[in-house]
file start.tsv (TSV, C-alpha atoms and all ligand atoms)
chain	number	residue	atom	x	y	z
W	1	MET	CA	-197.40	32.64	65.65
W	2	ARG	CA	-196.22	33.28	69.17
W	3	PHE	CA	-197.61	35.94	71.46
W	4	ARG	CA	-195.21	36.01	74.35
W	5	SER	CA	-192.07	34.84	72.56
W	6	ARG	CA	-191.05	37.95	70.70
W	7	HIS	CA	-188.12	39.58	68.98
W	8	ILE	CA	-188.35	43.16	70.16
W	9	ILE	CA	-186.35	45.52	68.00
W	10	SER	CA	-185.43	48.95	69.25
W	11	LEU	CA	-185.17	51.48	66.45
W	12	GLU	CA	-183.73	53.87	69.00
W	13	LYS	CA	-180.82	51.51	69.59
W	14	LEU	CA	-180.31	51.30	65.83
W	15	GLU	CA	-180.11	55.06	65.82
W	16	SER	CA	-177.59	55.17	68.65
W	17	ASN	CA	-175.47	52.50	66.94
W	18	PHE	CA	-175.54	54.63	63.82
W	19	SER	CA	-174.37	57.69	65.76
W	20	LYS	CA	-171.53	55.62	67.19
W	21	LEU	CA	-170.63	54.41	63.71
W	22	LYS	CA	-170.52	57.99	62.45
W	23	LYS	CA	-167.99	58.79	65.15
W	24	ILE	CA	-165.66	56.18	63.65
W	25	CYS	CA	-166.49	56.96	60.01
W	26	VAL	CA	-166.63	60.72	60.23
W	27	ASN	CA	-166.14	61.35	56.52
W	28	ASN	CA	-167.52	58.20	54.95
W	29	LYS	CA	-170.79	57.56	53.21
W	30	ILE	CA	-172.60	54.43	54.30
W	31	ILE	CA	-173.95	51.48	52.38
W	32	PHE	CA	-176.04	49.80	55.06
W	33	MET	CA	-176.12	46.05	54.42
W	34	VAL	CA	-179.63	44.72	54.88
W	35	LYS	CA	-179.42	41.35	53.17
W	36	ALA	CA	-181.26	38.34	54.61
W	37	ASP	CA	-184.16	40.44	55.90
W	38	ALA	CA	-181.84	42.95	57.54
W	39	TYR	CA	-179.96	40.16	59.28
W	40	GLY	CA	-183.26	38.83	60.61
W	41	HIS	CA	-184.53	42.18	61.91
W	42	GLY	CA	-187.11	42.87	59.20
W	43	ILE	CA	-185.85	44.63	56.09
W	44	VAL	CA	-188.80	46.95	55.49
W	45	PRO	CA	-189.09	48.61	58.92
W	46	ILE	CA	-185.30	48.76	59.27
W	47	VAL	CA	-184.82	50.48	55.92
W	48	ARG	CA	-187.81	52.77	56.41
W	49	HIS	CA	-186.43	53.98	59.71
W	50	SER	CA	-182.92	54.27	58.30
W	51	VAL	CA	-184.09	56.49	55.44
W	52	GLU	CA	-186.61	58.57	57.35
W	53	LYS	CA	-184.83	59.05	60.65
W	54	LEU	CA	-181.14	58.31	60.09
W	55	GLY	CA	-180.79	59.82	56.65
W	56	ILE	CA	-179.11	56.71	55.19
W	57	THR	CA	-179.56	56.67	51.42
W	58	GLU	CA	-177.72	53.56	50.20
W	59	PHE	CA	-178.51	49.94	50.99
W	60	GLY	CA	-177.01	46.58	50.06
W	61	CYS	CA	-179.12	43.46	49.44
W	62	ALA	CA	-178.03	40.01	48.36
W	63	SER	CA	-180.77	39.27	45.85
W	64	LEU	CA	-182.85	41.15	43.33
W	65	GLY	CA	-185.98	39.88	45.12
W	66	GLU	CA	-184.98	41.64	48.33
W	67	ALA	CA	-184.28	44.84	46.44
W	68	LEU	CA	-187.59	44.69	44.62
W	69	LEU	CA	-189.45	44.11	47.88
W	70	LEU	CA	-187.92	47.31	49.24
W	71	ARG	CA	-188.91	49.26	46.14
W	72	GLU	CA	-192.48	48.00	46.31
W	73	GLU	CA	-192.96	48.48	50.03
W	74	LEU	CA	-191.10	51.76	50.29
W	75	TYR	CA	-192.17	53.38	47.01
W	76	ASP	CA	-192.66	56.66	48.87
W	77	LEU	CA	-189.00	56.94	49.90
W	78	GLU	CA	-185.91	57.89	47.97
W	79	PHE	CA	-182.83	55.69	48.33
W	80	GLU	CA	-180.39	53.59	46.30
W	81	ILE	CA	-180.31	49.79	46.37
W	82	TYR	CA	-177.48	47.57	45.26
W	83	VAL	CA	-177.74	43.82	44.67
W	84	PHE	CA	-174.53	42.14	45.74
W	85	SER	CA	-174.53	38.46	44.83
W	86	ASP	CA	-177.70	36.99	43.33
W	87	VAL	CA	-177.99	39.51	40.51
W	88	GLN	CA	-179.58	37.49	37.66
W	89	ILE	CA	-178.73	40.19	35.16
W	90	GLU	CA	-179.01	37.84	32.19
W	91	LEU	CA	-182.75	37.23	32.65
W	92	ARG	CA	-184.89	39.47	30.47
W	93	GLU	CA	-187.46	40.19	33.20
W	94	CYS	CA	-184.68	41.10	35.60
W	95	VAL	CA	-183.16	43.52	33.08
W	96	GLU	CA	-186.48	45.37	33.03
W	97	ILE	CA	-186.52	45.53	36.81
W	98	TYR	CA	-182.99	46.94	37.00
W	99	LEU	CA	-183.76	49.52	34.37
W	100	ASN	CA	-187.17	50.57	35.65
W	101	ARG	CA	-186.89	50.24	39.41
W	102	ARG	CA	-183.61	51.99	40.06
W	103	ILE	CA	-181.78	48.95	41.38
W	104	VAL	CA	-178.07	48.54	40.68
W	105	PRO	CA	-176.38	45.14	40.39
W	106	VAL	CA	-172.84	44.77	41.68
W	107	LEU	CA	-170.91	43.31	38.74
W	108	SER	CA	-168.59	40.55	39.93
W	109	ASN	CA	-167.75	38.75	36.71
W	110	LYS	CA	-166.78	39.53	33.14
W	111	GLU	CA	-170.03	38.14	31.67
W	112	ASP	CA	-172.22	40.48	33.71
W	113	LEU	CA	-169.94	43.43	33.00
W	114	ASP	CA	-169.91	42.74	29.27
W	115	PHE	CA	-173.67	42.31	29.28
W	116	ILE	CA	-174.14	45.79	30.75
W	117	LEU	CA	-171.50	47.35	28.51
W	118	SER	CA	-172.88	45.82	25.34
W	119	HIS	CA	-176.58	46.60	25.78
W	120	ARG	CA	-177.45	50.12	24.70
W	121	GLU	CA	-180.34	50.36	27.16
W	122	PHE	CA	-177.73	50.36	29.95
W	123	ASP	CA	-175.75	53.26	28.46
W	124	ASN	CA	-176.56	55.63	31.30
W	125	PHE	CA	-176.55	52.97	33.93
W	126	PRO	CA	-174.07	53.28	36.84
W	127	LEU	CA	-171.21	50.74	36.84
W	128	PHE	CA	-170.76	49.15	40.25
W	129	ILE	CA	-167.81	46.78	40.03
W	130	LYS	CA	-166.37	44.33	42.52
W	131	PHE	CA	-162.85	42.92	42.27
W	132	ASN	CA	-161.54	39.78	43.88
W	133	THR	CA	-158.44	40.92	45.77
W	134	GLY	CA	-157.89	37.64	47.58
W	135	MET	CA	-161.12	36.46	49.15
W	136	ASN	CA	-161.71	34.14	46.21
W	137	ARG	CA	-165.45	34.12	46.37
W	138	LEU	CA	-167.00	36.65	44.01
W	139	GLY	CA	-165.29	39.40	42.11
W	140	LEU	CA	-163.49	40.12	38.87
W	141	ASP	CA	-160.09	38.51	38.66
W	142	MET	CA	-157.06	40.75	39.30
W	143	SER	CA	-155.43	39.29	36.20
W	144	SER	CA	-158.25	40.71	34.07
W	145	ILE	CA	-157.81	44.34	35.17
W	146	ASN	CA	-156.47	45.53	31.82
W	147	GLU	CA	-159.09	43.66	29.86
W	148	VAL	CA	-161.81	45.12	32.08
W	149	ILE	CA	-160.44	48.60	31.67
W	150	GLN	CA	-160.26	48.21	27.89
W	151	SER	CA	-163.88	47.01	27.72
W	152	ILE	CA	-165.02	49.98	29.77
W	153	LYS	CA	-163.09	52.41	27.60
W	154	ARG	CA	-164.35	50.85	24.37
W	155	SER	CA	-167.91	51.36	25.60
W	156	GLY	CA	-167.16	55.07	25.74
W	157	ARG	CA	-167.40	55.38	29.50
W	158	LYS	CA	-165.03	57.64	31.40
W	159	SER	CA	-165.89	56.63	34.95
W	160	VAL	CA	-167.08	53.88	37.23
W	161	TYR	CA	-169.76	54.66	39.75
W	162	HIS	CA	-168.38	52.46	42.52
W	163	LEU	CA	-165.34	50.20	42.75
W	164	MET	CA	-165.21	47.75	45.61
W	165	THR	CA	-163.70	44.62	47.07
W	166	HIS	CA	-164.57	42.44	50.06
W	167	LEU	CA	-162.23	41.17	52.79
W	168	SER	CA	-161.94	37.51	53.72
W	169	SER	CA	-160.47	38.09	57.17
W	170	SER	CA	-161.72	41.35	58.64
W	171	SER	CA	-162.65	39.54	61.85
W	172	MET	CA	-158.89	39.24	62.37
W	173	PRO	CA	-156.29	41.99	62.85
W	174	ILE	CA	-156.46	44.33	59.88
W	175	ARG	CA	-152.99	45.79	60.16
W	176	THR	CA	-150.98	42.64	60.87
W	177	ASN	CA	-152.86	39.76	59.29
W	178	LYS	CA	-151.13	38.86	56.01
W	179	ARG	CA	-154.33	38.31	54.07
W	180	ASN	CA	-155.70	41.65	55.09
W	181	ILE	CA	-152.48	43.44	54.20
W	182	LEU	CA	-152.43	41.74	50.79
W	183	GLN	CA	-156.06	42.59	50.05
W	184	PHE	CA	-155.55	46.26	50.87
W	185	GLU	CA	-152.46	46.34	48.65
W	186	ASN	CA	-154.30	44.61	45.83
W	187	PHE	CA	-157.21	47.01	46.05
W	188	ASP	CA	-154.80	49.93	45.78
W	189	LYS	CA	-153.39	48.32	42.64
W	190	VAL	CA	-156.85	47.95	41.13
W	191	LYS	CA	-157.70	51.59	41.82
W	192	GLN	CA	-154.36	52.79	40.49
W	193	SER	CA	-154.82	50.86	37.23
W	194	PHE	CA	-158.16	52.57	36.66
W	195	LEU	CA	-156.71	55.99	37.40
W	196	ASP	CA	-153.67	55.34	35.18
W	197	ALA	CA	-156.05	54.46	32.37
W	198	GLY	CA	-157.88	57.75	32.85
W	199	ILE	CA	-161.06	56.22	34.25
W	200	GLU	CA	-162.51	58.19	37.09
W	201	ILE	CA	-163.61	56.29	40.23
W	202	GLU	CA	-166.59	58.13	41.61
W	203	ALA	CA	-166.83	56.02	44.78
W	204	SER	CA	-165.04	53.09	46.38
W	205	SER	CA	-165.29	50.85	49.42
W	206	ILE	CA	-163.48	47.99	51.10
W	207	SER	CA	-164.57	47.84	54.74
W	208	ASN	CA	-167.34	45.80	56.32
W	209	SER	CA	-167.91	45.75	60.08
W	210	GLY	CA	-164.71	43.96	61.08
W	211	ALA	CA	-162.53	46.46	59.24
W	212	ILE	CA	-164.58	49.52	60.26
W	213	GLU	CA	-164.31	48.51	63.90
W	214	GLN	CA	-160.56	48.58	63.50
W	215	GLY	CA	-160.68	51.99	61.85
W	216	ALA	CA	-159.52	50.60	58.50
W	217	GLY	CA	-160.46	51.49	54.93
W	218	LEU	CA	-161.76	54.90	55.93
W	219	SER	CA	-159.91	56.68	53.13
W	220	GLU	CA	-162.39	55.23	50.65
W	221	THR	CA	-165.56	57.23	50.04
W	222	HIS	CA	-167.82	54.52	51.47
W	223	VAL	CA	-167.99	51.83	54.14
W	224	ARG	CA	-170.38	48.87	54.11
W	225	PRO	CA	-171.41	48.01	57.68
W	226	GLY	CA	-173.70	45.07	58.33
W	227	ILE	CA	-173.60	43.21	61.63
W	228	MET	CA	-172.27	46.10	63.72
W	229	MET	CA	-175.36	48.18	62.99
W	230	TYR	CA	-177.41	45.48	64.70
W	231	GLY	CA	-175.05	45.55	67.69
W	232	PRO	CA	-172.45	42.79	67.71
W	233	SER	CA	-168.79	43.17	66.99
W	234	SER	CA	-167.58	41.18	64.02
W	235	LEU	CA	-164.16	40.46	65.49
W	236	LEU	CA	-163.28	37.03	66.80
W	237	PRO	CA	-163.47	37.13	70.62
W	238	GLN	CA	-159.69	36.83	71.00
W	239	TYR	CA	-159.21	40.10	69.09
W	240	SER	CA	-161.89	42.10	70.89
W	241	ASP	CA	-159.20	44.46	72.24
W	242	LEU	CA	-158.65	45.75	68.71
W	243	SER	CA	-162.24	46.87	68.34
W	244	LEU	CA	-163.36	50.47	68.58
W	245	TRP	CA	-166.96	49.33	68.51
W	246	GLU	CA	-169.22	50.10	71.44
W	247	GLY	CA	-172.56	49.27	69.88
W	248	GLU	CA	-175.50	47.71	71.67
W	249	ILE	CA	-177.64	44.80	70.50
W	250	ILE	CA	-180.68	46.48	68.98
W	251	SER	CA	-183.04	43.66	69.91
W	252	ARG	CA	-184.23	41.59	72.82
W	253	LEU	CA	-185.42	38.01	72.49
W	254	GLU	CA	-188.11	37.46	75.04
W	255	THR	CA	-190.13	34.41	75.96
W	256	TYR	CA	-191.90	33.19	79.11
W	257	VAL	CA	-191.99	30.28	81.51
W	258	ILE	CA	-194.60	27.68	80.58
W	259	SER	CA	-193.74	25.41	83.46
W	260	ILE	CA	-191.18	25.19	86.24
W	261	PHE	CA	-190.36	22.30	88.57
W	262	ASP	CA	-187.74	20.98	90.96
W	263	VAL	CA	-185.43	18.25	89.78
W	264	THR	CA	-182.92	15.95	91.41
W	265	LYS	CA	-179.49	14.99	90.17
W	266	GLY	CA	-179.77	12.41	87.40
W	267	GLN	CA	-183.49	12.94	86.87
W	268	PRO	CA	-184.26	12.59	83.16
W	269	VAL	CA	-185.77	15.57	81.35
W	270	GLY	CA	-187.42	15.74	77.95
W	271	TYR	CA	-186.69	13.85	74.75
W	272	GLY	CA	-183.82	11.47	75.06
W	273	ALA	CA	-184.31	11.50	78.85
W	274	THR	CA	-181.19	13.55	79.48
W	275	PRO	CA	-180.19	13.33	83.16
W	276	CYS	CA	-180.02	16.62	85.12
W	277	PRO	CA	-176.47	17.53	86.17
W	278	SER	CA	-177.41	18.20	89.82
W	279	ASN	CA	-180.32	19.05	92.08
W	280	GLY	CA	-182.07	22.21	91.02
W	281	ARG	CA	-185.00	23.53	89.03
W	282	VAL	CA	-185.95	23.36	85.37
W	283	ALA	CA	-187.89	26.09	83.60
W	284	ILE	CA	-189.64	25.22	80.35
W	285	ILE	CA	-189.52	28.21	78.01
W	286	ALA	CA	-191.66	28.81	74.94
W	287	LEU	CA	-188.96	28.69	72.31
W	288	GLY	CA	-187.80	25.72	70.30
W	289	TYR	CA	-186.20	24.96	66.99
W	290	GLY	CA	-189.50	25.79	65.30
W	291	ASP	CA	-188.77	29.35	66.38
W	292	GLY	CA	-185.14	29.25	65.37
W	293	PHE	CA	-183.96	28.37	68.88
W	294	SER	CA	-181.65	25.72	67.53
W	295	THR	CA	-180.92	22.26	68.90
W	296	ARG	CA	-177.33	23.50	68.80
W	297	TYR	CA	-178.15	25.81	71.72
W	298	LEU	CA	-177.89	22.83	74.06
W	299	GLY	CA	-175.53	23.73	76.90
W	300	ALA	CA	-175.71	27.49	76.32
W	301	SER	CA	-175.76	29.69	79.41
W	302	LEU	CA	-178.87	31.75	79.80
W	303	SER	CA	-179.32	33.94	82.81
W	304	HIS	CA	-182.32	35.28	84.61
W	305	GLY	CA	-181.15	38.55	86.09
W	306	THR	CA	-177.83	37.63	87.65
W	307	ILE	CA	-178.73	33.95	88.10
W	308	LEU	CA	-177.00	31.72	85.62
W	309	GLY	CA	-178.82	28.79	84.04
W	310	LYS	CA	-178.18	26.62	81.03
W	311	VAL	CA	-180.07	24.83	78.33
W	312	VAL	CA	-180.33	21.13	79.19
W	313	GLY	CA	-181.74	18.13	77.36
W	314	ARG	CA	-182.77	18.24	73.77
W	315	VAL	CA	-184.25	21.47	72.46
W	316	ASN	CA	-187.80	20.67	71.33
W	317	MET	CA	-189.71	22.05	68.37
W	318	ASP	CA	-191.75	24.35	70.62
W	319	MET	CA	-189.93	24.47	73.95
W	320	ALA	CA	-186.58	24.28	75.65
W	321	GLN	CA	-185.49	23.32	79.16
W	322	VAL	CA	-183.40	25.77	81.19
W	323	PHE	CA	-181.72	24.30	84.24
W	324	PHE	CA	-180.73	26.19	87.40
W	325	ALA	CA	-178.62	24.55	90.09
W	326	GLU	CA	-180.04	24.42	93.64
W	327	ASN	CA	-177.48	26.82	95.10
W	328	SER	CA	-178.61	29.64	92.79
W	329	LEU	CA	-182.29	29.41	92.04
W	330	PRO	CA	-183.94	32.30	90.23
W	331	SER	CA	-187.21	33.74	91.40
W	332	LEU	CA	-189.19	32.54	88.41
W	333	ASN	CA	-192.79	31.43	88.28
W	334	VAL	CA	-195.05	30.10	85.60
W	335	GLY	CA	-195.99	32.97	83.30
W	336	ASP	CA	-192.93	35.09	84.07
W	337	THR	CA	-191.02	36.70	81.25
W	338	PHE	CA	-187.69	35.09	80.40
W	339	THR	CA	-185.14	37.03	78.36
W	340	VAL	CA	-182.77	35.07	76.13
W	341	TRP	CA	-180.78	38.12	75.06
W	342	ASP	CA	-181.09	41.81	75.69
W	343	HIS	CA	-179.18	44.91	74.64
W	344	SER	CA	-175.97	43.78	76.33
W	345	THR	CA	-173.31	42.92	73.78
W	346	ASP	CA	-171.33	40.95	76.39
W	347	ARG	CA	-174.26	38.73	77.16
W	348	PHE	CA	-175.06	38.18	73.50
W	349	SER	CA	-171.48	37.47	72.57
W	350	LYS	CA	-171.15	35.02	75.48
W	351	PHE	CA	-174.22	33.21	74.15
W	352	CYS	CA	-172.74	33.01	70.64
W	353	GLN	CA	-169.45	31.73	72.00
W	354	ASP	CA	-171.22	29.11	74.12
W	355	VAL	CA	-173.09	27.74	71.14
W	356	LYS	CA	-170.20	28.29	68.72
W	357	ILE	CA	-172.45	30.06	66.24
W	358	ILE	CA	-171.64	33.47	64.84
W	359	PRO	CA	-173.95	36.37	65.79
W	360	TYR	CA	-175.06	36.66	62.16
W	361	GLU	CA	-176.52	33.17	62.19
W	362	VAL	CA	-178.13	33.46	65.63
W	363	PHE	CA	-180.15	36.49	64.48
W	364	ILE	CA	-181.01	35.09	61.10
W	365	SER	CA	-182.19	31.75	62.48
W	366	LEU	CA	-185.26	33.23	64.18
W	367	THR	CA	-188.30	32.14	62.23
W	368	LYS	CA	-191.51	33.92	61.25
W	369	ARG	CA	-193.20	32.27	64.17
W	370	VAL	CA	-191.54	34.77	66.50
W	371	PRO	CA	-193.17	38.14	65.88
W	372	LYS	CA	-190.98	41.15	65.44
W	373	ILE	CA	-192.10	44.09	67.52
W	374	TYR	CA	-190.66	47.55	66.88
W	375	SER	CA	-190.24	50.03	69.66
W	401	LIG	C1	-172.44	41.24	53.97
W	401	LIG	C2	-171.49	42.16	53.35
W	401	LIG	C3	-171.02	43.27	54.06
W	401	LIG	C4	-171.33	43.50	55.51
W	401	LIG	O1	-170.61	42.60	56.30
W	401	LIG	P1	-170.63	42.66	57.88
W	401	LIG	O2	-169.58	41.73	58.31
W	401	LIG	O3	-172.00	42.22	58.29
W	401	LIG	O4	-170.37	44.07	58.24
W	401	LIG	C5	-170.23	44.16	53.37
W	401	LIG	N1	-169.88	43.95	52.08
W	401	LIG	C6	-170.29	42.87	51.39
W	401	LIG	C7	-169.86	42.68	49.98
W	401	LIG	C8	-171.10	41.93	52.00
W	401	LIG	O5	-171.51	40.86	51.32
call {"tool": "encode", "arguments": {"input": "start.tsv", "output": "structure tokens"}}
result
Amino acid sequence: MRFRSRHIISLEKLESNFSKLKKICVNNKIIFMVKADAYGHGIVPIVRHSVEKLGITEFGCASLGEALLLREELYDLEFEIYVFSDVQIELRECVEIYLNRRIVPVLSNKEDLDFILSHREFDNFPLFIKFNTGMNRLGLDMSSINEVIQSIKRSGRKSVYHLMTHLSSSSMPIRTNKRNILQFENFDKVKQSFLDAGIEIEASSISNSGAIEQGAGLSETHVRPGIMMYGPSSLLPQYSDLSLWEGEIISRLETYVISIFDVTKGQPVGYGATPCPSNGRVAIIALGYGDGFSTRYLGASLSHGTILGKVVGRVNMDMAQVFFAENSLPSLNVGDTFTVWDHSTDRFSKFCQDVKIIPYEVFISLTKRVPKIYS
């Protein structure tokens, strides 16, 4: 465990991002996506704060294990949890958990749907159904709509609790991209078929961050934001003009300088003896791939205040080298704090572009070795 390399998470920033989200989604209910440990921010504290202080009551996980963890750790709070992909509904012990712990699986295939419809113990269980409208990952097939509707009717049900689909290309223009247009049209068809068959749709959703940022899908009852709640925009950088999102990164990644020394052009540093690009100074920071500071971060710009540096040489398991050229040396000494990212979305997004890794993965890569501190 590190002491001075820390992922500091501001629950206040989460709250201000949520207020900004509410300004876009004035009339929508929220399913806050907290899969993968709340995108690396710590699922338990994030959900606790969201329930207690933000009044969010619905959360989306990827696996039943994540959902169960929330139920166990937050037994004192009232909220709904949906399991989106790794549902395991066919396992007997999982059936018990769904029934007894108030966890709802999102049904994405005919087998899972039929399982729920054919087992009497699920008679009063909410139906949360996902259709594949063109993403071709998970979801009931469009060609099976009538069959699905017939099965639901035969079971005696008159409504579905939540009908949803997921977009493949919401990081691209929602209103002009062909795939997005098609998926919205297809989702309308799915909903219409249910209504025509006399099945009530209690709730529906289509939009994740990329679509929400573009103000799309807001006529559904719900939206399902993930990444934007943690700060970053989900749009590809070239489409940033289309985004309404003005969130801030809710965390800072802080480390410190273990060592700092002058270097000359061509001087080898670290494993692989990578030559320095010019005269300057190298700071050794206490983050390496053992912390989730990936070897792919080689070459990324990192600044100290306004002074721009970059990661040189191979990233080590426990350390990384940050190089500053001689014409712009930072005032950094051994023991000083060094900030990899802060609340600035521009700085964070520049980092992600430099390393060609999406914000999602940068957050999630941080390992347990880097303590999470909540402020
Ligand atoms: C992860 C996920 C979301 C949230 O996506 P973001 O791009 O992080 O906003 C929404 N819906 C589903 C089905 C998801 O799997």
call {"tool": "axis_aligned_box", "arguments": {"input": "start.tsv", "around": "ligand LIG 401 (chain W)", "padding_each_side": "3 Å", "output": "AutoDock Vina command-line options"}}
result
--center_x -171.0 --center_y 42.5 --center_z 54.1 --size_x 8.9 --size_y 9.3 --size_z 14.3
call {"tool": "atom_distance", "arguments": {"input": "start.tsv", "atom1": "atom CA of Ile212 of chain W", "atom2": "atom CA of Ser234 of chain W"}}
result
9.6 Å
call {"tool": "closest_residue", "arguments": {"input": "start.tsv", "among": "W:Asp86, W:Asp291, W:Glu185, W:Glu248", "to": "ligand LIG 401 (chain W)", "atoms": "all atoms listed in the file"}}
result
W:Asp86
call {"tool": "closest_residue", "arguments": {"input": "start.tsv", "among": "W:Leu107, W:Met33, W:Ala38, W:Ile149", "to": "ligand LIG 401 (chain W)", "atoms": "only C-alpha atoms and all ligand atoms"}}
result
W:Met33
call {"tool": "residues_near_ligand", "arguments": {"input": "start.tsv", "ligand": "ligand LIG 401 (chain W)", "cutoff": "7 Å", "atoms": "all atoms listed in the file", "output": "PyMOL selection string"}}
result
chain W and resi 33+84+166+207-210+224-228+234
call {"tool": "closest_residue", "arguments": {"input": "start.tsv", "among": "W:Arg175, W:Arg137, W:Arg102, W:Lys368", "to": "Val83 of chain W", "atoms": "only C-alpha atoms"}}
result
W:Arg102
call {"tool": "closest_residue", "arguments": {"input": "start.tsv", "among": "W:Thr255, W:Ser344, W:Gln214, W:Thr133", "to": "Val370 of chain W", "atoms": "all atoms listed in the file"}}
result
W:Thr255
call {"tool": "residues_around", "arguments": {"input": "start.tsv", "residues": "Gly272 of chain W", "least_positions_apart": "5", "cutoff": "12 Å", "atoms": "all atoms listed in the file", "output": "list in words"}}
result
Gln267, Val312, Gly313, Arg314, Val315 and Asn316 of chain W
call {"tool": "atom_distance", "arguments": {"input": "start.tsv", "atom1": "atom CA of Ile260 of chain W", "atom2": "atom CA of Thr345 of chain W"}}
result
28.1 Å
call {"tool": "residues_around", "arguments": {"input": "start.tsv", "residues": "Ser204 of chain W", "least_positions_apart": "5", "cutoff": "9 Å", "atoms": "all atoms listed in the file", "output": "PDB file with C-alpha atoms, keeping the file's coordinate frame"}}
result
ATOM      1  CA  TYR W 161    -169.760  54.660  39.750  1.00  0.00           C
ATOM      2  CA  HIS W 162    -168.380  52.460  42.520  1.00  0.00           C
ATOM      3  CA  LEU W 163    -165.340  50.200  42.750  1.00  0.00           C
ATOM      4  CA  MET W 164    -165.210  47.750  45.610  1.00  0.00           C
ATOM      5  CA  THR W 165    -163.700  44.620  47.070  1.00  0.00           C
ATOM      6  CA  LYS W 191    -157.700  51.590  41.820  1.00  0.00           C
ATOM      7  CA  GLU W 220    -162.390  55.230  50.650  1.00  0.00           C
ATOM      8  CA  THR W 221    -165.560  57.230  50.040  1.00  0.00           C
ATOM      9  CA  HIS W 222    -167.820  54.520  51.470  1.00  0.00           C
ATOM     10  CA  VAL W 223    -167.990  51.830  54.140  1.00  0.00           C
TER      11      VAL W 223
END
call {"tool": "closest_residue", "arguments": {"input": "start.tsv", "among": "W:Asp76, W:Asp37, W:Phe32, W:Asn279", "to": "Thr57 of chain W", "atoms": "only C-alpha atoms"}}
result
W:Phe32
call {"tool": "residues_around", "arguments": {"input": "start.tsv", "residues": "Ile373 of chain W", "least_positions_apart": "2", "cutoff": "8 Å", "atoms": "only C-alpha atoms", "output": "list in words"}}
result
Arg6, His7, Ile8, Ile9, Pro371 and Ser375 of chain W
call {"tool": "residues_around", "arguments": {"input": "start.tsv", "residues": "Gly247 of chain W", "least_positions_apart": "3", "cutoff": "9 Å", "atoms": "only C-alpha atoms", "output": "PyMOL selection string"}}
result
chain W and resi 13-14+16-18+20-21+228-233+250+345
call {"tool": "residues_around", "arguments": {"input": "start.tsv", "residues": "Cys94 of chain W", "least_positions_apart": "6", "cutoff": "9 Å", "atoms": "all atoms listed in the file", "output": "list in words"}}
result
Leu64, Val87 and Gln88 of chain W
call {"tool": "closest_residue", "arguments": {"input": "start.tsv", "among": "W:Ser240, W:Ser219, W:Ser85, W:Ser301", "to": "Ser171 of chain W", "atoms": "all atoms listed in the file"}}
result
W:Ser240
call {"tool": "atom_distance", "arguments": {"input": "start.tsv", "atom1": "atom CA of Phe3 of chain W", "atom2": "atom CA of Ser331 of chain W"}}
result
22.6 Å
call {"tool": "residues_near_point", "arguments": {"input": "start.tsv", "point": "(-170.9, 41.8, 25.8)", "cutoff": "12 Å", "atoms": "only C-alpha atoms", "output": "PyMOL selection string"}}
result
chain W and resi 90+109-120+122+148+151-152+154-155
call {"tool": "residues_near_point", "arguments": {"input": "start.tsv", "point": "(-181.0, 43.9, 51.0)", "cutoff": "12 Å", "atoms": "only C-alpha atoms", "output": "ChimeraX atom specification"}}
result
/W:31-44,46-47,58-71,80-87,103-105,226
